[in-house]
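Source file: input-v8.cif; contents: mmCIF, C-alpha atoms and all ligand atoms.
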data_work
#
loop_
_atom_site.group_PDB
_atom_site.id
_atom_site.type_symbol
_atom_site.label_atom_id
_atom_site.label_comp_id
_atom_site.auth_asym_id
_atom_site.auth_seq_id
_atom_site.Cartn_x
_atom_site.Cartn_y
_atom_site.Cartn_z
ATOM 1 C CA MET A 5 -82.119 52.237 16.997
ATOM 2 C CA THR A 6 -80.212 50.478 14.229
ATOM 3 C CA PRO A 7 -77.136 48.385 15.134
ATOM 4 C CA SER A 8 -74.769 50.960 13.649
ATOM 5 C CA GLU A 9 -76.184 53.605 16.022
ATOM 6 C CA ALA A 10 -75.218 51.584 19.123
ATOM 7 C CA THR A 11 -72.774 53.418 21.380
ATOM 8 C CA PRO A 12 -69.676 51.524 22.640
ATOM 9 C CA SER A 13 -71.348 50.865 26.025
ATOM 10 C CA GLU A 14 -74.388 49.343 24.274
ATOM 11 C CA ARG A 15 -72.285 47.014 22.167
ATOM 12 C CA MET A 16 -71.878 43.328 22.711
ATOM 13 C CA LEU A 17 -68.446 42.182 23.777
ATOM 14 C CA LEU A 18 -66.863 39.224 21.978
ATOM 15 C CA ILE A 19 -64.088 37.487 23.906
ATOM 16 C CA GLY A 20 -61.497 35.213 22.277
ATOM 17 C CA MET A 21 -58.776 35.268 19.628
ATOM 18 C CA TYR A 22 -59.568 34.973 15.925
ATOM 19 C CA ASP A 23 -57.306 31.962 15.535
ATOM 20 C CA SER A 24 -60.110 30.067 17.302
ATOM 21 C CA PRO A 25 -62.474 28.792 14.592
ATOM 22 C CA PHE A 26 -65.399 29.141 17.008
ATOM 23 C CA VAL A 27 -64.627 32.768 17.880
ATOM 24 C CA ARG A 28 -64.026 33.495 14.225
ATOM 25 C CA ARG A 29 -67.389 32.196 13.042
ATOM 26 C CA VAL A 30 -69.159 34.350 15.637
ATOM 27 C CA ALA A 31 -67.197 37.466 14.579
ATOM 28 C CA ILE A 32 -68.027 36.860 10.908
ATOM 29 C CA ALA A 33 -71.699 36.342 11.772
ATOM 30 C CA LEU A 34 -71.817 39.557 13.842
ATOM 31 C CA ASP A 35 -70.249 41.464 10.964
ATOM 32 C CA LEU A 36 -72.541 39.984 8.294
ATOM 33 C CA LEU A 37 -75.597 40.697 10.428
ATOM 34 C CA GLY A 38 -74.482 44.305 10.992
ATOM 35 C CA LEU A 39 -74.342 43.897 14.783
ATOM 36 C CA PRO A 40 -71.589 46.149 16.194
ATOM 37 C CA PHE A 41 -69.358 44.574 18.824
ATOM 38 C CA ALA A 42 -66.290 45.256 20.882
ATOM 39 C CA HIS A 43 -63.556 42.610 20.874
ATOM 40 C CA ARG A 44 -61.086 41.344 23.487
ATOM 41 C CA ASP A 45 -58.510 39.016 21.932
ATOM 42 C CA TRP A 46 -57.868 37.193 25.181
ATOM 43 C CA SER A 47 -55.968 33.932 25.057
ATOM 44 C CA VAL A 48 -57.225 30.743 26.739
ATOM 45 C CA GLY A 49 -53.598 30.390 27.912
ATOM 46 C CA LYS A 50 -52.420 33.584 29.572
ATOM 47 C CA ASP A 51 -55.875 35.194 29.972
ATOM 48 C CA PHE A 52 -57.586 32.109 31.406
ATOM 49 C CA ASP A 53 -58.639 33.857 34.648
ATOM 50 C CA ARG A 54 -59.975 36.918 32.833
ATOM 51 C CA ILE A 55 -62.067 34.651 30.580
ATOM 52 C CA ARG A 56 -63.326 32.697 33.601
ATOM 53 C CA ALA A 57 -64.635 35.918 35.108
ATOM 54 C CA TYR A 58 -67.104 36.009 32.198
ATOM 55 C CA SER A 59 -67.629 32.251 31.824
ATOM 56 C CA PRO A 60 -66.621 29.756 34.531
ATOM 57 C CA LEU A 61 -66.125 27.217 31.725
ATOM 58 C CA GLY A 62 -63.010 29.120 30.667
ATOM 59 C CA ARG A 63 -63.521 28.541 26.946
ATOM 60 C CA VAL A 64 -63.967 30.961 24.082
ATOM 61 C CA PRO A 65 -65.977 32.402 22.462
ATOM 62 C CA VAL A 66 -67.902 34.256 25.113
ATOM 63 C CA LEU A 67 -70.405 36.900 24.035
ATOM 64 C CA ALA A 68 -71.340 39.386 26.730
ATOM 65 C CA PRO A 69 -74.428 41.399 25.817
ATOM 66 C CA ALA A 70 -74.541 45.004 27.045
ATOM 67 C CA ASP A 71 -77.462 44.150 29.315
ATOM 68 C CA GLY A 72 -77.454 40.501 30.350
ATOM 69 C CA GLU A 73 -75.634 37.320 31.257
ATOM 70 C CA PRO A 74 -72.692 36.335 29.031
ATOM 71 C CA LEU A 75 -73.280 33.446 26.629
ATOM 72 C CA ALA A 76 -70.738 30.724 25.861
ATOM 73 C CA GLU A 77 -70.836 27.976 23.169
ATOM 74 C CA SER A 78 -70.646 29.363 19.662
ATOM 75 C CA MET A 79 -73.758 27.572 18.372
ATOM 76 C CA MET A 80 -75.867 29.025 21.185
ATOM 77 C CA ILE A 81 -74.401 32.466 20.615
ATOM 78 C CA LEU A 82 -75.204 32.170 16.916
ATOM 79 C CA GLU A 83 -78.753 31.097 17.664
ATOM 80 C CA HIS A 84 -79.115 34.191 19.855
ATOM 81 C CA LEU A 85 -77.818 36.408 17.023
ATOM 82 C CA ASP A 86 -80.391 34.902 14.657
ATOM 83 C CA ASP A 87 -83.085 35.726 17.227
ATOM 84 C CA LEU A 88 -81.882 39.335 17.352
ATOM 85 C CA VAL A 89 -82.145 39.870 13.595
ATOM 86 C CA GLY A 90 -85.292 37.785 12.985
ATOM 87 C CA PRO A 91 -86.062 34.958 10.526
ATOM 88 C CA GLU A 92 -85.692 37.053 7.348
ATOM 89 C CA ARG A 93 -81.986 37.707 8.002
ATOM 90 C CA ALA A 94 -81.148 34.695 10.167
ATOM 91 C CA LEU A 95 -78.006 32.799 9.182
ATOM 92 C CA MET A 96 -79.515 29.380 9.910
ATOM 93 C CA PRO A 97 -81.809 28.210 7.102
ATOM 94 C CA PRO A 98 -85.543 28.007 7.941
ATOM 95 C CA PRO A 99 -87.092 24.899 9.562
ATOM 96 C CA GLY A 100 -87.861 21.945 7.339
ATOM 97 C CA ALA A 101 -85.695 20.397 4.615
ATOM 98 C CA PRO A 102 -83.202 23.325 4.350
ATOM 99 C CA ARG A 103 -82.512 23.309 8.085
ATOM 100 C CA ARG A 104 -82.138 19.522 8.153
ATOM 101 C CA ALA A 105 -79.604 19.735 5.300
ATOM 102 C CA ALA A 106 -77.774 22.483 7.178
ATOM 103 C CA LEU A 107 -77.717 20.519 10.439
ATOM 104 C CA ARG A 108 -76.334 17.449 8.686
ATOM 105 C CA ILE A 109 -73.427 19.407 7.189
ATOM 106 C CA LEU A 110 -72.824 21.283 10.437
ATOM 107 C CA ALA A 111 -72.707 17.988 12.344
ATOM 108 C CA PHE A 112 -69.850 16.666 10.174
ATOM 109 C CA ALA A 113 -68.038 20.016 10.171
ATOM 110 C CA THR A 114 -68.365 20.300 13.956
ATOM 111 C CA GLY A 115 -67.215 16.710 14.430
ATOM 112 C CA ALA A 116 -64.162 17.329 12.238
ATOM 113 C CA ILE A 117 -63.136 20.473 14.115
ATOM 114 C CA GLU A 118 -63.681 18.859 17.522
ATOM 115 C CA LYS A 119 -61.390 15.991 16.538
ATOM 116 C CA GLY A 120 -58.828 18.477 15.169
ATOM 117 C CA ILE A 121 -58.861 20.385 18.462
ATOM 118 C CA GLN A 122 -58.454 17.117 20.402
ATOM 119 C CA ILE A 123 -55.415 16.254 18.256
ATOM 120 C CA ASN A 124 -53.870 19.632 19.048
ATOM 121 C CA SER A 125 -54.808 19.515 22.734
ATOM 122 C CA GLU A 126 -52.756 16.343 23.076
ATOM 123 C CA TRP A 127 -49.501 18.191 22.347
ATOM 124 C CA ILE A 128 -50.515 21.606 23.681
ATOM 125 C CA PHE A 129 -51.746 20.494 27.093
ATOM 126 C CA ARG A 130 -49.936 17.177 27.757
ATOM 127 C CA PRO A 131 -46.230 16.671 28.468
ATOM 128 C CA PRO A 132 -44.533 14.304 25.970
ATOM 129 C CA ASP A 133 -44.550 11.288 28.339
ATOM 130 C CA LYS A 134 -48.322 11.610 28.886
ATOM 131 C CA ARG A 135 -49.302 11.582 25.193
ATOM 132 C CA HIS A 136 -51.070 8.561 23.767
ATOM 133 C CA PRO A 137 -50.448 8.166 19.985
ATOM 134 C CA PRO A 138 -53.258 5.576 19.448
ATOM 135 C CA TYR A 139 -55.771 8.108 20.770
ATOM 136 C CA VAL A 140 -54.422 10.794 18.426
ATOM 137 C CA GLU A 141 -54.589 8.333 15.543
ATOM 138 C CA ARG A 142 -58.200 7.490 16.394
ATOM 139 C CA CYS A 143 -59.069 11.228 16.390
ATOM 140 C CA ARG A 144 -57.331 11.600 13.027
ATOM 141 C CA VAL A 145 -59.340 8.723 11.511
ATOM 142 C CA GLN A 146 -62.544 10.320 12.801
ATOM 143 C CA MET A 147 -61.565 13.784 11.552
ATOM 144 C CA ARG A 148 -60.716 12.393 8.101
ATOM 145 C CA GLY A 149 -63.998 10.443 8.048
ATOM 146 C CA ALA A 150 -65.949 13.648 8.603
ATOM 147 C CA LEU A 151 -63.826 15.514 6.017
ATOM 148 C CA SER A 152 -64.500 12.757 3.460
ATOM 149 C CA GLU A 153 -68.233 13.184 3.958
ATOM 150 C CA LEU A 154 -67.882 16.967 3.574
ATOM 151 C CA GLU A 155 -65.873 16.381 0.402
ATOM 152 C CA LYS A 156 -68.757 14.327 -1.050
ATOM 153 C CA ILE A 157 -71.234 17.062 -0.111
ATOM 154 C CA CYS A 158 -69.088 19.774 -1.748
ATOM 155 C CA ALA A 159 -68.473 17.673 -4.866
ATOM 156 C CA ALA A 160 -72.245 17.126 -5.201
ATOM 157 C CA ALA A 161 -72.863 20.874 -4.765
ATOM 158 C CA GLY A 162 -70.499 21.559 -7.710
ATOM 159 C CA GLU A 163 -70.483 25.213 -8.732
ATOM 160 C CA ARG A 164 -73.539 26.127 -6.642
ATOM 161 C CA GLU A 165 -72.494 29.286 -4.813
ATOM 162 C CA TRP A 166 -73.805 28.386 -1.337
ATOM 163 C CA LEU A 167 -74.236 24.971 0.229
ATOM 164 C CA VAL A 168 -77.808 25.457 1.476
ATOM 165 C CA GLY A 169 -80.311 27.942 0.004
ATOM 166 C CA ASP A 170 -79.512 30.922 -2.184
ATOM 167 C CA ARG A 171 -77.366 33.009 0.162
ATOM 168 C CA MET A 172 -74.471 32.549 2.530
ATOM 169 C CA SER A 173 -75.564 30.683 5.646
ATOM 170 C CA LEU A 174 -73.988 29.513 8.864
ATOM 171 C CA VAL A 175 -73.070 26.334 6.984
ATOM 172 C CA ASP A 176 -70.686 28.145 4.606
ATOM 173 C CA ILE A 177 -69.276 30.297 7.414
ATOM 174 C CA SER A 178 -68.652 27.364 9.768
ATOM 175 C CA LEU A 179 -67.230 25.136 7.061
ATOM 176 C CA ALA A 180 -64.667 27.759 6.062
ATOM 177 C CA CYS A 181 -63.645 28.609 9.643
ATOM 178 C CA PHE A 182 -63.352 24.966 10.695
ATOM 179 C CA VAL A 183 -61.561 23.696 7.593
ATOM 180 C CA THR A 184 -59.091 26.592 7.627
ATOM 181 C CA TYR A 185 -58.189 25.753 11.229
ATOM 182 C CA ILE A 186 -57.719 22.082 10.300
ATOM 183 C CA ARG A 187 -55.443 23.051 7.416
ATOM 184 C CA GLU A 188 -53.424 25.694 9.235
ATOM 185 C CA GLY A 189 -53.603 24.629 12.883
ATOM 186 C CA VAL A 190 -53.740 20.821 12.598
ATOM 187 C CA ARG A 191 -51.634 20.872 9.387
ATOM 188 C CA GLU A 192 -53.842 18.267 7.731
ATOM 189 C CA PRO A 193 -53.007 17.868 3.995
ATOM 190 C CA PHE A 194 -56.012 18.523 1.756
ATOM 191 C CA GLU A 195 -55.067 16.749 -1.497
ATOM 192 C CA ALA A 196 -57.744 14.148 -0.759
ATOM 193 C CA PHE A 197 -60.435 16.815 -0.366
ATOM 194 C CA PRO A 198 -60.259 19.022 -3.505
ATOM 195 C CA ALA A 199 -63.924 20.087 -3.725
ATOM 196 C CA LEU A 200 -63.981 20.981 -0.031
ATOM 197 C CA ALA A 201 -60.708 22.917 -0.299
ATOM 198 C CA ALA A 202 -61.911 24.823 -3.384
ATOM 199 C CA ARG A 203 -65.190 25.837 -1.727
ATOM 200 C CA VAL A 204 -63.411 26.993 1.414
ATOM 201 C CA ASP A 205 -60.845 28.944 -0.644
ATOM 202 C CA ARG A 206 -63.706 30.830 -2.323
ATOM 203 C CA CYS A 207 -65.134 31.874 1.050
ATOM 204 C CA GLU A 208 -61.723 32.717 2.489
ATOM 205 C CA ALA A 209 -61.097 35.142 -0.376
ATOM 206 C CA LEU A 210 -64.074 37.290 0.713
ATOM 207 C CA PRO A 211 -63.207 40.462 2.693
ATOM 208 C CA VAL A 212 -65.317 39.491 5.714
ATOM 209 C CA PHE A 213 -63.339 36.255 6.120
ATOM 210 C CA ARG A 214 -60.007 38.117 5.726
ATOM 211 C CA ARG A 215 -61.036 40.672 8.376
ATOM 212 C CA TYR A 216 -61.302 37.987 11.044
ATOM 213 C CA HIS A 217 -58.403 35.725 10.193
ATOM 214 C CA ALA A 218 -55.440 35.293 12.534
ATOM 215 C CA PRO A 219 -52.628 32.784 12.123
ATOM 216 C CA PHE A 220 -52.845 29.837 14.495
ATOM 217 C CA GLU A 221 -51.000 30.504 17.729
ATOM 218 C CA PRO A 222 -50.981 27.574 20.178
ATOM 219 C CA PRO A 223 -51.859 28.647 23.731
ATOM 220 C CA LYS A 224 -49.328 27.787 26.420
ATOM 221 C CA ALA A 225 -50.814 25.137 28.700
ATOM 222 C CA ASP A 226 -49.134 26.792 31.718
ATOM 223 C CA GLY A 227 -50.632 30.145 30.759
ATOM 224 C CA GLY A 228 -47.158 31.401 29.862
ATOM 225 C CA ALA A 229 -47.413 33.093 26.484
ATOM 226 C CA ALA A 230 -50.113 33.052 23.813
HETATM 227 N N1 LIG B 301 -68.107 23.814 21.535
HETATM 228 C C1 LIG B 301 -67.418 25.034 21.864
HETATM 229 C C2 LIG B 301 -65.935 24.828 21.621
HETATM 230 C C3 LIG B 301 -65.124 26.041 22.053
HETATM 231 C C4 LIG B 301 -63.634 25.701 22.167
HETATM 232 O O1 LIG B 301 -63.229 24.540 22.137
HETATM 233 N N2 LIG B 301 -62.826 26.748 22.270
HETATM 234 C C5 LIG B 301 -61.411 26.563 22.455
HETATM 235 C C6 LIG B 301 -60.633 27.551 21.604
HETATM 236 S S1 LIG B 301 -60.696 27.064 19.912
HETATM 237 C C7 LIG B 301 -61.060 26.803 23.910
HETATM 238 O O2 LIG B 301 -61.599 27.692 24.539
HETATM 239 N N3 LIG B 301 -60.118 25.997 24.443
HETATM 240 C C8 LIG B 301 -59.624 26.106 25.775
HETATM 241 C C9 LIG B 301 -60.047 24.980 26.656
HETATM 242 O O3 LIG B 301 -60.978 24.223 26.276
HETATM 243 O O4 LIG B 301 -59.467 24.837 27.714
HETATM 244 C C10 LIG B 301 -67.979 26.179 21.038
HETATM 245 O O5 LIG B 301 -68.515 25.933 19.956
HETATM 246 O O6 LIG B 301 -67.934 27.342 21.499
#
Spit out the file's structure as structure tokens when you get a sec.
Amino acid sequence: MTPSEATPSERMLLIGMYDSPFVRRVAIALDLLGLPFAHRDWSVGKDFDRIRAYSPLGRVPVLAPADGEPLAESMMILEHLDDLVGPERALMPPPGAPRRAALRILAFATGAIEKGIQINSEWIFRPPDKRHPPYVERCRVQMRGALSELEKICAAAGEREWLVGDRMSLVDISLACFVTYIREGVREPFEAFPALAARVDRCEALPVFRRYHAPFEPPKADGGAA
């Protein structure tokens, strides 16, 4: 059976809204790999309990296969997707130098997005009198440090179409999803990172990235709205 022949009940279920950069990179990977999936755009605010029924961790993305335990953590989900399609089509570059290069870039991109999410969590989840500006500032310094390294990597890559290897990999997908969240959701100015911004803009113009883009909508800490 090819993926496109899967019936709705045989499809994987992806849980989480596309304004999450982690959910988004999984959706783009599923699409690029031709793996059909059903989607529930549940919010970590108002749909917290529904999400926890699939993953006690209560975070998104969650990927529930048609016939097994749900998986959480986007990187582990993505590794599972690579296993499903096999090494020829996998989105992570093969072991050796290409994978090491990919892991290095992914480490900085992941660090930057984690710091961006921590900056946002401070105002989303904490009341004003419980916020600690020095902590937010520290996160911002760390996020900008990682972005500066990514800028150097993109400047060195110049006009090369993809960052690692000769086709789009998880590196390009993750970089675009994470940087777009930092620009739109954390509102970080990007004048200092022109090569990074230009590379991300090129990816974001592709139809598959447009299909899974949603404007950032902060969840309500009390579960009230988004
Ligand atoms: N390392 C996780 C991060 C997932 C994550 O932080 N998801 C956010 C949405 S962008 C979330 O569920 N936040 C709610 C919470 O942590 O309470 C992954 O890669 O899946």
Please list, as a compact mmCIF listing (two decimals) with C-alpha atoms, in the frame of the given file, the residues that have an atom at most 12 Å away from (-83.1, 24.3, 13.0) in the coordinates of this file, counting all atoms listed in the file.
# COMPACT_ATOMS: atom_id res chain seq x y z
CA MET A 79 -73.76 27.57 18.37
CA MET A 80 -75.87 29.02 21.18
CA LEU A 82 -75.20 32.17 16.92
CA GLU A 83 -78.75 31.10 17.66
CA ASP A 86 -80.39 34.90 14.66
CA PRO A 91 -86.06 34.96 10.53
CA ALA A 94 -81.15 34.70 10.17
CA LEU A 95 -78.01 32.80 9.18
CA MET A 96 -79.52 29.38 9.91
CA PRO A 97 -81.81 28.21 7.10
CA PRO A 98 -85.54 28.01 7.94
CA PRO A 99 -87.09 24.90 9.56
CA GLY A 100 -87.86 21.94 7.34
CA ALA A 101 -85.70 20.40 4.62
CA PRO A 102 -83.20 23.32 4.35
CA ARG A 103 -82.51 23.31 8.09
CA ARG A 104 -82.14 19.52 8.15
CA ALA A 105 -79.60 19.74 5.30
CA ALA A 106 -77.77 22.48 7.18
CA LEU A 107 -77.72 20.52 10.44
CA ARG A 108 -76.33 17.45 8.69
CA LEU A 110 -72.82 21.28 10.44
CA LEU A 174 -73.99 29.51 8.86
CA VAL A 175 -73.07 26.33 6.98
For stretch 192-208 of chain A, please output as number ranges by chain all residues within 7 Å (counting all atoms listed in the file; exclusion window: fewer than 4 positions along the same chain). A: 152, 154-155, 158-159, 180, 186-187, 213-214
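Computed from the coordinates, the atom CA of A:Leu75 to atom CA of A:Gly49 distance equals 20.0 Å.
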Which residues match the PyMOL selection byres (((chain A and resi 44) around 8) and not hetatm) in the file above, as number ranges by chain? A: 17-21, 42-43, 45-46
Generate a file of the selected residues that holds C-alpha atoms, formatted as a JSON list (two decimals), in the coordinates of the input.
[["chain", "number", "residue", "atom", "x", "y", "z"],
["A", 17, "LEU", "CA", -68.45, 42.18, 23.78],
["A", 18, "LEU", "CA", -66.86, 39.22, 21.98],
["A", 19, "ILE", "CA", -64.09, 37.49, 23.91],
["A", 20, "GLY", "CA", -61.50, 35.21, 22.28],
["A", 21, "MET", "CA", -58.78, 35.27, 19.63],
["A", 42, "ALA", "CA", -66.29, 45.26, 20.88],
["A", 43, "HIS", "CA", -63.56, 42.61, 20.87],
["A", 45, "ASP", "CA", -58.51, 39.02, 21.93],
["A", 46, "TRP", "CA", -57.87, 37.19, 25.18]]
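From atom CA of A:Val212 back to atom CA of A:Pro40, the distance works out to 13.9 Å.
Once only C-alpha atoms and all ligand atoms are used for the distance check, the residues close to ligand LIG 301 (chain B) at 7 Å turn out to be Ser24, Pro25, Phe26, Val48, Gly62, Arg63, Val64, Pro65, Ala76, Glu77, Ser78 and Met79 of chain A.
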Using the selection just defined, write its residues with C-alpha atoms as a CSV table (one decimal), in the coordinates of the input.
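Below is the file result07.csv, written as the result:
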chain,number,residue,atom,x,y,z
A,24,SER,CA,-60.1,30.1,17.3
A,25,PRO,CA,-62.5,28.8,14.6
A,26,PHE,CA,-65.4,29.1,17.0
A,48,VAL,CA,-57.2,30.7,26.7
A,62,GLY,CA,-63.0,29.1,30.7
A,63,ARG,CA,-63.5,28.5,26.9
A,64,VAL,CA,-64.0,31.0,24.1
A,65,PRO,CA,-66.0,32.4,22.5
A,76,ALA,CA,-70.7,30.7,25.9
A,77,GLU,CA,-70.8,28.0,23.2
A,78,SER,CA,-70.6,29.4,19.7
A,79,MET,CA,-73.8,27.6,18.4
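Rounded to one decimal, atom CA of A:Arg29 and atom CA of A:Arg142 lie 26.6 Å from each other.
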Coordinate excerpt as a compact mmCIF listing (two decimals), in the first residue's frame: stretch 13-67 of chain A, C-alpha atoms:
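Writing done, so here's decode16.txt:
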# COMPACT_ATOMS: atom_id res chain seq x y z
CA SER A 13 -8.62 5.28 9.86
CA GLU A 14 -5.12 4.14 8.82
CA ARG A 15 -3.72 7.65 8.85
CA MET A 16 -1.49 9.09 11.49
CA LEU A 17 -2.98 11.84 13.60
CA LEU A 18 -0.96 15.02 14.16
CA ILE A 19 -2.01 17.06 17.18
CA GLY A 20 -1.11 20.74 17.65
CA MET A 21 -1.56 24.12 15.99
CA TYR A 22 0.60 25.23 13.07
CA ASP A 23 1.71 28.36 14.90
CA SER A 24 3.91 25.97 16.91
CA PRO A 25 7.25 25.72 15.08
CA PHE A 26 7.61 22.12 16.30
CA VAL A 27 4.19 21.04 15.02
CA ARG A 28 4.83 22.89 11.80
CA ARG A 29 8.11 21.14 11.02
CA VAL A 30 6.45 17.75 11.53
CA ALA A 31 3.54 18.68 9.23
CA ILE A 32 5.94 19.86 6.51
CA ALA A 33 7.98 16.67 6.86
CA LEU A 34 4.86 14.47 6.62
CA ASP A 35 3.78 16.33 3.50
CA LEU A 36 7.21 16.19 1.83
CA LEU A 37 7.50 12.49 2.59
CA GLY A 38 4.03 11.82 1.14
CA LEU A 39 2.70 10.40 4.42
CA PRO A 40 -1.03 11.19 4.72
CA PHE A 41 -2.19 12.42 8.11
CA ALA A 42 -5.21 13.76 9.89
CA HIS A 43 -4.79 16.97 11.89
CA ARG A 44 -6.29 18.29 15.14
CA ASP A 45 -5.38 21.94 15.70
CA TRP A 46 -5.74 21.68 19.45
CA SER A 47 -4.36 24.49 21.57
CA VAL A 48 -2.03 23.88 24.54
CA GLY A 49 -4.25 26.45 26.31
CA LYS A 50 -7.90 25.50 25.99
CA ASP A 51 -7.34 21.91 24.77
CA PHE A 52 -4.74 21.01 27.40
CA ASP A 53 -6.76 18.06 28.79
CA ARG A 54 -7.51 16.66 25.34
CA ILE A 55 -3.79 16.78 24.49
CA ARG A 56 -2.91 15.12 27.81
CA ALA A 57 -5.15 12.20 26.92
CA TYR A 58 -2.67 11.45 24.12
CA SER A 59 0.51 12.56 25.91
CA PRO A 60 0.67 13.10 29.68
CA LEU A 61 3.39 15.68 29.00
CA GLY A 62 0.72 18.00 27.60
CA ARG A 63 2.95 19.45 24.88
CA VAL A 64 2.61 19.48 21.12
CA PRO A 65 3.33 18.03 18.65
CA VAL A 66 1.95 14.59 19.35
CA LEU A 67 1.84 12.06 16.53
